[in-house]
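Asks: File name entry32.pdb; file contents PDB, C-alpha atoms; full text below.
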ATOM      1  CA  MET F   1      -0.702  -7.598  20.200
ATOM      2  CA  ALA F   2       0.875  -5.348  17.558
ATOM      3  CA  LYS F   3       3.814  -3.231  18.643
ATOM      4  CA  ALA F   4       3.507   0.541  18.448
ATOM      5  CA  ALA F   5       5.847   2.395  16.119
ATOM      6  CA  LYS F   6       9.044   3.603  17.732
ATOM      7  CA  THR F   7       9.428   7.346  18.147
ATOM      8  CA  THR F   8      12.122   9.414  19.788
ATOM      9  CA  PRO F   9      11.395  11.336  23.015
ATOM     10  CA  ASP F  10      11.898  14.635  21.184
ATOM     11  CA  ARG F  11       9.399  13.721  18.457
ATOM     12  CA  ASP F  12       6.813  12.664  21.027
ATOM     13  CA  ALA F  13       7.369  15.844  23.026
ATOM     14  CA  ILE F  14       6.995  17.993  19.912
ATOM     15  CA  ILE F  15       3.761  16.274  18.857
ATOM     16  CA  ASP F  16       2.307  16.615  22.352
ATOM     17  CA  ALA F  17       3.371  20.260  22.567
ATOM     18  CA  LEU F  18       1.869  21.202  19.215
ATOM     19  CA  MET F  19      -1.460  19.527  19.943
ATOM     20  CA  ALA F  20      -1.626  21.172  23.372
ATOM     21  CA  LEU F  21      -0.922  24.603  21.856
ATOM     22  CA  ALA F  22      -3.457  24.024  19.069
ATOM     23  CA  ALA F  23      -6.133  23.432  21.693
ATOM     24  CA  GLU F  24      -5.362  26.832  23.243
ATOM     25  CA  ARG F  25      -4.802  29.216  20.343
ATOM     26  CA  PRO F  26      -5.326  29.613  16.579
ATOM     27  CA  TRP F  27      -3.107  27.465  14.388
ATOM     28  CA  ASP F  28      -1.587  30.451  12.591
ATOM     29  CA  ASP F  29      -0.500  31.973  15.912
ATOM     30  CA  ILE F  30       1.668  28.994  16.868
ATOM     31  CA  GLU F  31       5.344  29.667  16.130
ATOM     32  CA  LEU F  32       8.154  27.152  16.131
ATOM     33  CA  SER F  33       9.590  28.885  19.181
ATOM     34  CA  ASP F  34       6.306  28.277  21.020
ATOM     35  CA  ILE F  35       6.477  24.560  20.290
ATOM     36  CA  VAL F  36      10.111  24.374  21.339
ATOM     37  CA  GLU F  37       9.381  26.144  24.616
ATOM     38  CA  ARG F  38       6.355  23.940  25.403
ATOM     39  CA  ALA F  39       8.247  20.755  24.500
ATOM     40  CA  GLY F  40      11.274  21.747  26.586
ATOM     41  CA  ILE F  41      13.749  21.178  23.761
ATOM     42  CA  THR F  42      16.040  23.257  21.575
ATOM     43  CA  LEU F  43      15.228  24.612  18.138
ATOM     44  CA  ALA F  44      18.034  22.429  16.807
ATOM     45  CA  ALA F  45      16.336  19.363  18.268
ATOM     46  CA  PHE F  46      13.078  20.392  16.598
ATOM     47  CA  ARG F  47      14.841  20.760  13.235
ATOM     48  CA  GLU F  48      16.439  17.364  13.700
ATOM     49  CA  ALA F  49      13.028  15.797  14.282
ATOM     50  CA  PHE F  50      10.747  17.709  11.879
ATOM     51  CA  PRO F  51      11.004  20.208   9.020
ATOM     52  CA  SER F  52       7.750  22.075   9.793
ATOM     53  CA  LYS F  53       4.529  22.298  11.805
ATOM     54  CA  GLY F  54       2.741  20.439   9.049
ATOM     55  CA  ALA F  55       5.166  17.548   9.336
ATOM     56  CA  VAL F  56       4.341  17.321  13.036
ATOM     57  CA  LEU F  57       0.671  16.955  12.115
ATOM     58  CA  GLY F  58       1.645  14.154   9.764
ATOM     59  CA  ALA F  59       3.446  12.403  12.629
ATOM     60  CA  PHE F  60       0.407  12.887  14.848
ATOM     61  CA  ALA F  61      -1.801  11.248  12.208
ATOM     62  CA  LYS F  62       0.633   8.343  11.987
ATOM     63  CA  ARG F  63       0.520   7.961  15.767
ATOM     64  CA  ILE F  64      -3.285   7.729  15.613
ATOM     65  CA  ASP F  65      -3.042   5.241  12.737
ATOM     66  CA  VAL F  66      -0.810   2.970  14.797
ATOM     67  CA  GLU F  67      -3.088   3.183  17.823
ATOM     68  CA  VAL F  68      -6.118   2.194  15.734
ATOM     69  CA  LEU F  69      -4.274  -0.579  13.913
ATOM     70  CA  ALA F  70      -2.947  -1.993  17.169
ATOM     71  CA  GLY F  71      -6.547  -2.533  18.304
ATOM     72  CA  THR F  72      -7.614  -4.345  15.148
ATOM     73  CA  SER F  73      -8.838  -7.919  15.576
ATOM     74  CA  ASP F  74     -10.683 -10.578  13.574
ATOM     75  CA  GLU F  75     -13.900 -10.308  15.599
ATOM     76  CA  LEU F  76     -15.818  -8.667  12.723
ATOM     77  CA  ALA F  77     -14.203 -10.654   9.923
ATOM     78  CA  ASP F  78     -17.542 -12.196   8.909
ATOM     79  CA  GLU F  79     -19.456  -8.897   8.994
ATOM     80  CA  PRO F  80     -20.151  -6.784   5.870
ATOM     81  CA  ALA F  81     -17.435  -4.363   4.810
ATOM     82  CA  ARG F  82     -19.528  -1.373   5.937
ATOM     83  CA  GLU F  83     -19.758  -2.763   9.486
ATOM     84  CA  ARG F  84     -16.037  -3.479   9.615
ATOM     85  CA  LEU F  85     -15.189   0.047   8.495
ATOM     86  CA  PHE F  86     -17.737   1.517  10.917
ATOM     87  CA  ASP F  87     -15.870  -0.200  13.748
ATOM     88  CA  VAL F  88     -12.486   1.050  12.519
ATOM     89  CA  TYR F  89     -13.727   4.630  12.238
ATOM     90  CA  MET F  90     -15.312   4.642  15.678
ATOM     91  CA  ARG F  91     -12.031   3.416  17.141
ATOM     92  CA  ARG F  92     -10.264   6.197  15.264
ATOM     93  CA  ILE F  93     -12.667   8.751  16.702
ATOM     94  CA  ASP F  94     -12.026   7.355  20.185
ATOM     95  CA  ALA F  95      -8.291   7.809  19.628
ATOM     96  CA  LEU F  96      -8.824  11.393  18.405
ATOM     97  CA  THR F  97     -11.162  12.410  21.224
ATOM     98  CA  PRO F  98      -8.459  13.715  23.620
ATOM     99  CA  HIS F  99      -7.368  16.100  20.858
ATOM    100  CA  LYS F 100     -10.800  17.247  19.730
ATOM    101  CA  ALA F 101     -10.371  20.917  20.627
ATOM    102  CA  ALA F 102      -7.019  21.095  18.846
ATOM    103  CA  LEU F 103      -8.302  19.360  15.739
ATOM    104  CA  LYS F 104     -11.320  21.649  15.539
ATOM    105  CA  ARG F 105      -9.089  24.745  15.594
ATOM    106  CA  ILE F 106      -6.698  23.236  13.055
ATOM    107  CA  ASN F 107      -9.601  22.367  10.762
ATOM    108  CA  VAL F 108     -10.794  25.972  10.743
ATOM    109  CA  ALA F 109      -7.301  27.250   9.886
ATOM    110  CA  VAL F 110      -6.356  24.830   7.104
ATOM    111  CA  ARG F 111      -9.566  25.542   5.200
ATOM    112  CA  ARG F 112      -8.137  28.981   4.433
ATOM    113  CA  ASP F 113      -4.795  27.590   3.222
ATOM    114  CA  PRO F 114      -4.994  25.555  -0.008
ATOM    115  CA  LEU F 115      -1.344  24.451   0.184
ATOM    116  CA  THR F 116      -1.679  23.116   3.718
ATOM    117  CA  LEU F 117      -5.007  21.547   2.819
ATOM    118  CA  ALA F 118      -3.416  19.724  -0.126
ATOM    119  CA  ALA F 119      -0.546  18.502   2.048
ATOM    120  CA  LEU F 120      -2.926  17.264   4.730
ATOM    121  CA  ASN F 121      -5.013  15.509   2.090
ATOM    122  CA  GLN F 122      -1.935  13.423   1.290
ATOM    123  CA  VAL F 123      -1.546  12.648   4.993
ATOM    124  CA  ALA F 124      -5.217  11.651   5.090
ATOM    125  CA  LEU F 125      -4.785   9.426   2.022
ATOM    126  CA  ASN F 126      -1.961   7.578   3.736
ATOM    127  CA  SER F 127      -4.042   7.133   6.891
ATOM    128  CA  GLN F 128      -7.145   5.962   5.051
ATOM    129  CA  ARG F 129      -5.149   3.405   3.076
ATOM    130  CA  PHE F 130      -4.395   1.709   6.386
ATOM    131  CA  MET F 131      -7.890   2.202   7.800
ATOM    132  CA  LEU F 132      -9.373   0.425   4.777
ATOM    133  CA  ALA F 133      -6.777  -2.324   5.101
ATOM    134  CA  ALA F 134      -7.736  -2.731   8.763
ATOM    135  CA  ALA F 135     -11.309  -3.329   7.586
ATOM    136  CA  SER F 136     -10.048  -5.834   4.975
ATOM    137  CA  ILE F 137     -11.151  -3.587   2.108
ATOM    138  CA  PRO F 138      -8.934  -3.746  -1.020
ATOM    139  CA  THR F 139      -6.796  -0.707  -1.804
ATOM    140  CA  GLU F 140      -4.340  -1.969  -4.414
ATOM    141  CA  ASP F 141      -6.689  -2.922  -7.262
ATOM    142  CA  SER F 142      -7.815  -0.603 -10.073
ATOM    143  CA  LEU F 143     -10.483   0.982  -7.857
ATOM    144  CA  GLY F 144      -8.159   1.285  -4.869
ATOM    145  CA  PRO F 145      -7.265   4.978  -5.358
ATOM    146  CA  LEU F 146     -10.966   5.824  -5.689
ATOM    147  CA  ARG F 147     -11.793   3.928  -2.491
ATOM    148  CA  ILE F 148      -9.014   5.687  -0.584
ATOM    149  CA  GLN F 149      -9.996   9.196  -1.720
ATOM    150  CA  GLY F 150     -13.630   8.359  -1.044
ATOM    151  CA  ALA F 151     -12.695   7.233   2.455
ATOM    152  CA  VAL F 152     -10.930  10.557   3.037
ATOM    153  CA  LEU F 153     -14.114  12.437   2.092
ATOM    154  CA  VAL F 154     -16.328  10.144   4.171
ATOM    155  CA  PHE F 155     -14.246  10.605   7.302
ATOM    156  CA  ALA F 156     -13.863  14.354   6.743
ATOM    157  CA  ASN F 157     -17.648  14.711   6.552
ATOM    158  CA  VAL F 158     -18.082  12.662   9.718
ATOM    159  CA  MET F 159     -15.518  14.812  11.515
ATOM    160  CA  GLU F 160     -17.554  17.934  10.714
ATOM    161  CA  THR F 161     -20.432  16.452  12.727
ATOM    162  CA  TRP F 162     -18.144  15.082  15.440
ATOM    163  CA  TYR F 163     -16.597  18.509  16.142
ATOM    164  CA  ASP F 164     -19.983  19.761  17.412
ATOM    165  CA  ASP F 165     -21.265  16.502  18.889
ATOM    166  CA  ASP F 166     -20.789  16.710  22.656
ATOM    167  CA  SER F 167     -23.218  13.923  23.556
ATOM    168  CA  PRO F 168     -21.726  11.040  25.588
ATOM    169  CA  ASP F 169     -22.944   8.397  23.128
ATOM    170  CA  LEU F 170     -21.948  10.362  19.984
ATOM    171  CA  ALA F 171     -25.353   9.530  18.496
ATOM    172  CA  ARG F 172     -25.177  12.262  15.837
ATOM    173  CA  THR F 173     -21.665  11.251  14.834
ATOM    174  CA  MET F 174     -22.591   7.585  14.509
ATOM    175  CA  ALA F 175     -25.700   8.433  12.501
ATOM    176  CA  ARG F 176     -23.634  10.611  10.136
ATOM    177  CA  LEU F 177     -21.019   7.867   9.820
ATOM    178  CA  ASP F 178     -23.682   5.319   8.957
ATOM    179  CA  ARG F 179     -25.142   7.616   6.273
ATOM    180  CA  GLU F 180     -21.757   8.448   4.786
ATOM    181  CA  LEU F 181     -20.702   4.809   4.638
ATOM    182  CA  LYS F 182     -23.956   3.800   2.936
ATOM    183  CA  ARG F 183     -23.542   6.597   0.399
ATOM    184  CA  GLY F 184     -19.914   5.659  -0.185
ATOM    185  CA  GLU F 185     -20.890   2.034  -0.630
ATOM    186  CA  ARG F 186     -23.468   2.955  -3.288
ATOM    187  CA  MET F 187     -20.939   5.100  -5.132
ATOM    188  CA  MET F 188     -18.378   2.294  -5.149
ATOM    189  CA  GLU F 189     -20.992  -0.156  -6.403
ATOM    190  CA  ARG F 190     -21.748   2.202  -9.294
ATOM    191  CA  ALA F 191     -18.037   2.613 -10.015
ATOM    192  CA  ASP F 192     -17.601  -1.154  -9.980
ATOM    193  CA  ASP F 193     -20.580  -1.590 -12.311
ATOM    194  CA  ALA F 194     -19.197   1.075 -14.649
ATOM    195  CA  GLN F 195     -15.801  -0.593 -14.696
ATOM    196  CA  ARG F 196     -17.351  -3.931 -15.656
ATOM    197  CA  ALA F 197     -19.582  -2.287 -18.259
ATOM    198  CA  PHE F 198     -16.672  -0.513 -19.921
ATOM    199  CA  ALA F 199     -14.271  -3.458 -19.683
ATOM    200  CA  PRO F 200     -15.070  -4.708 -23.240
ATOM    201  CA  PHE F 201     -14.593  -1.206 -24.666
ATOM    202  CA  LYS F 202     -11.319  -0.843 -22.792
ATOM    203  CA  ALA F 203     -10.137  -4.192 -24.144
ATOM    204  CA  LEU F 204     -11.071  -3.071 -27.679
ATOM    205  CA  ALA F 205      -9.348   0.274 -27.215
ATOM    206  CA  ASP F 206      -6.228  -1.448 -25.878
ATOM    207  CA  ALA F 207      -6.258  -3.836 -28.845
ATOM    208  CA  LEU F 208      -6.645  -0.979 -31.318
ATOM    209  CA  LEU F 209      -3.927   1.011 -29.606
ATOM    210  CA  ASP F 210      -1.621  -1.991 -29.580
ATOM    211  CA  GLY F 211      -2.434  -2.620 -33.271
ATOM    212  CA  GLY F 212      -1.671   0.991 -34.108
ATOM    213  CA  ARG F 213       1.659   0.790 -32.296
ATOM    214  CA  ARG F 214       2.481  -2.440 -34.122
ATOM    215  CA  LEU F 215       1.643  -0.876 -37.515
ATOM    216  CA  ARG F 216       3.807   2.144 -36.699
ATOM    217  CA  ARG F 217       6.703  -0.129 -35.710
ATOM    218  CA  GLU F 218       6.328  -2.136 -38.914
ATOM    219  CA  GLY F 219       6.120   1.068 -40.948
ATOM    220  CA  LEU F 220       9.329   2.365 -39.372
ATOM    221  CA  ARG F 221      11.105  -0.944 -39.983
ATOM    222  CA  GLY F 222       9.916  -0.891 -43.620
ATOM    223  CA  ALA F 223      11.138   2.660 -44.091
ATOM    224  CA  ARG F 224      14.530   1.752 -42.608
ATOM    225  CA  ARG F 225      14.783  -1.280 -44.945
ATOM    226  CA  ARG F 226      13.907   0.876 -47.977
ATOM    227  CA  ARG F 227      16.525   3.464 -47.025
ATOM    228  CA  HIS F 228      19.066   0.685 -46.558
ATOM    229  CA  ASP F 229      18.217  -0.861 -49.948
ATOM    230  CA  GLU F 230      18.375   2.499 -51.669
ATOM    231  CA  HIS F 231      21.734   3.156 -50.059
ATOM    232  CA  ASP F 232      23.041  -0.210 -51.317
ATOM    233  CA  GLU F 233      21.764   0.528 -54.829
ATOM    234  CA  ASP F 234      23.437   3.927 -54.845
ATOM    235  CA  LEU F 235      26.656   2.391 -53.569
ATOM    236  CA  GLY F 236      26.514  -0.318 -56.212
ATOM    237  CA  ALA F 237      25.989   2.214 -58.986
ATOM    238  CA  GLY F 238      28.887   4.271 -57.736
ATOM    239  CA  GLU F 239      31.238   1.284 -57.748
ATOM    240  CA  ALA F 240      30.362   0.456 -61.367
ATOM    241  CA  GLN F 241      31.261   3.987 -62.539
ATOM    242  CA  ASP F 242      34.395   4.416 -60.396
ATOM    243  CA  PRO F 243      37.575   3.026 -62.021
ATOM    244  CA  ALA F 244      39.181   2.693 -58.584
ATOM    245  CA  ALA F 245      36.599   0.119 -57.682
ATOM    246  CA  ALA F 246      38.478  -2.448 -59.751
ATOM    247  CA  ILE F 247      41.610  -2.169 -57.605
TER     248      ILE F 247
END
Write out the structure in this file as structure tokens.
Replies:
Amino acid sequence: MAKAAKTTPDRDAIIDALMALAAERPWDDIELSDIVERAGITLAAFREAFPSKGAVLGAFAKRIDVEVLAGTSDELADEPARERLFDVYMRRIDALTPHKAALKRINVAVRRDPLTLAALNQVALNSQRFMLAAASIPTEDSLGPLRIQGAVLVFANVMETWYDDDSPDLARTMARLDRELKRGERMMERADDAQRAFAPFKALADALLDGGRRLRREGLRGARRRRHDEHDEDLGAGEAQDPAAAI
């Protein structure tokens, strides 16, 4: 079984304190002093562990990532990619369930703050890179960035349904996840088709660009040779007219 990432007691206490506070009050009302008091640590210890509230959220996301990844197995290795990712996402939702109230409040707050939203998108990109890897879906090829950002959008849409889905079997959430994954799969198939269709044009463009660079390099070398030859001719003419050149 995979080992969980090591964290310090202070970091764990801070994460737990922030998520507990977020379940009780609006995100914007939570001050650093509130987190410190709930965690039972000093402000200096908080600063040593994290630079901001947002960084604590990033650490929380990483904690969830590790929990999901630790439960990954090869049981669905022969299933289609959509089924493998469905399993990963349902395990992620299970891991997030104890923090549902907090996450719902945080979601409402960050929508009003573009800077925080952009920062959390980067956190989500990092998480989804590993979620896709857990489902054995490539992330490092030319379409990798598109798959990762698409996965962020898919999971964000599913979360919107999950926030209001209080049924024990999460039927609405699973139905939304199935729809989003099918739609994402179709989009990636179109992107893959487009990449193959444009591959010859890209190769031609690369060849033309490379040819243009080569012509420019040759032109520069030719110009340098001409300047050098002209300089030699001028120098030679000067020596013929200068009496001191005979010394």
Asks: Name the closest residue to Ala49 of chain F among the candidates F:Arg183, F:Arg82, F:Arg112, F:Arg11; distances are taken between atoms, counting all atoms listed in the file.
Replies: F:Arg11
Asks: Would you please work out which residue, of F:Val152, F:Ile30, F:Val108, F:Ala55, is nearest to Leu132 of chain F when using all atoms listed in the file?
Replies: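 Smallest distance to Leu132 of chain F is found for F:Val152.
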Asks: Step by step, work through what the PyMOL selection byres ((chain F and resi 99) around 12) selects in the shown file, and finish by giving those residues as a list in words.
Replies: Ile15, Asp16, Ala17, Leu18, Met19, Ala20, Leu21, Ala22, Ala23, Glu24, Leu57, Phe60, Ala61, Ile64, Arg92, Ile93, Asp94, Ala95, Leu96, Thr97, Pro98, Lys100, Ala101, Ala102, Leu103, Lys104, Arg105, Ile106 and Tyr163 of chain F
Asks: Pick out the closest residue to Thr42 of chain F from this set: F:Pro80, F:Asp10, F:Val68, F:Pro26. Count only C-alpha atoms.
Replies: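 Selected residue with least distance to Thr42 of chain F: F:Asp10.
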Asks: Would you pick out the contacts of Asn121 of chain F at 12 Å or less, using all atoms listed in the file, so that residues sharing its chain but fewer than 3 positions from it are not included, and give the list as JSON, numbers by chain?
Replies: {"F": [54, 57, 58, 61, 107, 110, 111, 114, 115, 116, 117, 118, 124, 125, 126, 127, 128, 148, 149, 150, 151, 152, 153, 155, 156]}
Asks: Just write the chosen residues, C-alpha atoms, as a tab-separated table (two decimals), keeping the file's coordinate frame.
Replies:
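Generated file (selection.tsv):
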chain	number	residue	atom	x	y	z
F	54	GLY	CA	2.74	20.44	9.05
F	57	LEU	CA	0.67	16.95	12.12
F	58	GLY	CA	1.64	14.15	9.76
F	61	ALA	CA	-1.80	11.25	12.21
F	107	ASN	CA	-9.60	22.37	10.76
F	110	VAL	CA	-6.36	24.83	7.10
F	111	ARG	CA	-9.57	25.54	5.20
F	114	PRO	CA	-4.99	25.56	-0.01
F	115	LEU	CA	-1.34	24.45	0.18
F	116	THR	CA	-1.68	23.12	3.72
F	117	LEU	CA	-5.01	21.55	2.82
F	118	ALA	CA	-3.42	19.72	-0.13
F	124	ALA	CA	-5.22	11.65	5.09
F	125	LEU	CA	-4.78	9.43	2.02
F	126	ASN	CA	-1.96	7.58	3.74
F	127	SER	CA	-4.04	7.13	6.89
F	128	GLN	CA	-7.14	5.96	5.05
F	148	ILE	CA	-9.01	5.69	-0.58
F	149	GLN	CA	-10.00	9.20	-1.72
F	150	GLY	CA	-13.63	8.36	-1.04
F	151	ALA	CA	-12.70	7.23	2.46
F	152	VAL	CA	-10.93	10.56	3.04
F	153	LEU	CA	-14.11	12.44	2.09
F	155	PHE	CA	-14.25	10.60	7.30
F	156	ALA	CA	-13.86	14.35	6.74
Asks: For a test of reading the model, state the distance in Å between atom CA of Arg38 of chain F and atom CA of Ala109 of chain F, rounded to one decimal.
Replies: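 Pair atom CA of Arg38 of chain F / atom CA of Ala109 of chain F returns 20.9 Å.
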Asks: What gap, in Å, lies between atom CA of Trp162 of chain F and atom CA of Asp65 of chain F?
Replies: 18.2 Å
Asks: Enter the distance from atom CA of Asp169 of chain F to atom CA of Arg129 of chain F, in Å, rounded to one decimal.
Replies: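 It comes out at 27.3 Å.
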